[in-house]
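J.: I have a structure I would like to understand better, so I am pasting it below and will then ask my questions one at a time.
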Amino acid sequence: MSERKSKFFGLVVFLVLIIGFSYLMITGSKASHKEIYTQIEISENTLLPANEYLRYAGLNNSKKYSDLTLLDVKNKIEKHPYLRKAEVEFDGINTILVEVQEKEIKAVLLQKNELKLITSDSETLPLFPPTAIKDLPVISNLSTN
């Protein structure tokens with residue numbers, strides 16, 4: 001009789017566990033945890049202030065942050081011509097942290113009354129107004145043969 005009770009007890013425990021796991025799988029999948037972002041902080045920027053990178057990416061309105069994902073922020077920030085790449089992470093509270101790696105600017109090019117930047121890869125970039133260019137050499141009267 002005791003062997004029969006232990007088999008019955010084992011079967012009851014097994015059924016309770018199966019029903020419990022099934023319930024958790026069904027109700028747990030309906031829960032959606034969404035992070036709430038209230039600000040974006042940019043670090044490692046030297047050419048432009050952080051708010052200029054955010055303005056260029058269209059991320060200067062904090063009311064639109066609730067619809068963003070980290071991948072969206074990364075893609076929008078990396079579209080800026082001064083940036084090589086951006087690392088994006090969530091701080092766990094309410095802030096998106098963005099660490100940018102800017103392209104290395106070697107000189108300023110004055111061509112047809114227009115200022116442009118030259119990178120270490122010989123890429124020509126447009127000059128955005130608040131860019132810090134005070135210590136860069138200026139190349140002017142450039143002509144190609």
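Following the order of the structure tokens, chains are lettered A, B, ..., residues in each are numbered from 1, and ligands are numbered from 1.
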DSSP says helix (DSSP H, G or I) for which residues of stretch 13-139 of chain A? Put them as a ChimeraX atom specification?
T.: /A:13-28,50-57,62-67,70-78
J.: For the interface of stretch 47-108 of chain A with stretch 134-140 of chain A (cut-off 9 Å, counting only C-alpha atoms), please tabulate each contacting residue of stretch 47-108 of chain A alongside its nearest pair of atoms and their separation in Å to one decimal, rows sorted by chain and increasing number, as JSON lines.
T.:
```
{"residue": "A:Ile105", "atom": "CA", "partner": "A:Leu136", "partner_atom": "CA", "distance": 8.1}
{"residue": "A:Lys106", "atom": "CA", "partner": "A:Leu136", "partner_atom": "CA", "distance": 6.7}
{"residue": "A:Ala107", "atom": "CA", "partner": "A:Pro137", "partner_atom": "CA", "distance": 5.1}
{"residue": "A:Val108", "atom": "CA", "partner": "A:Val138", "partner_atom": "CA", "distance": 4.7}
```
J.: For the atom pair atom CA of A:Gly58 and atom CA of A:Leu109, what is the interatomic distance in Å to one decimal place?
T.: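 Calculated distance between atom CA of A:Gly58 and atom CA of A:Leu109 is 27.8 Å.
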J.: So that I can check the surroundings of A:Asn75, please list as a ChimeraX atom specification every protein, DNA and RNA residue that reaches within 10 Å of it, counting only C-alpha atoms and ignoring chain neighbours fewer than 3 positions away.
T.: /A:57,70-72,78-80,85-86,88
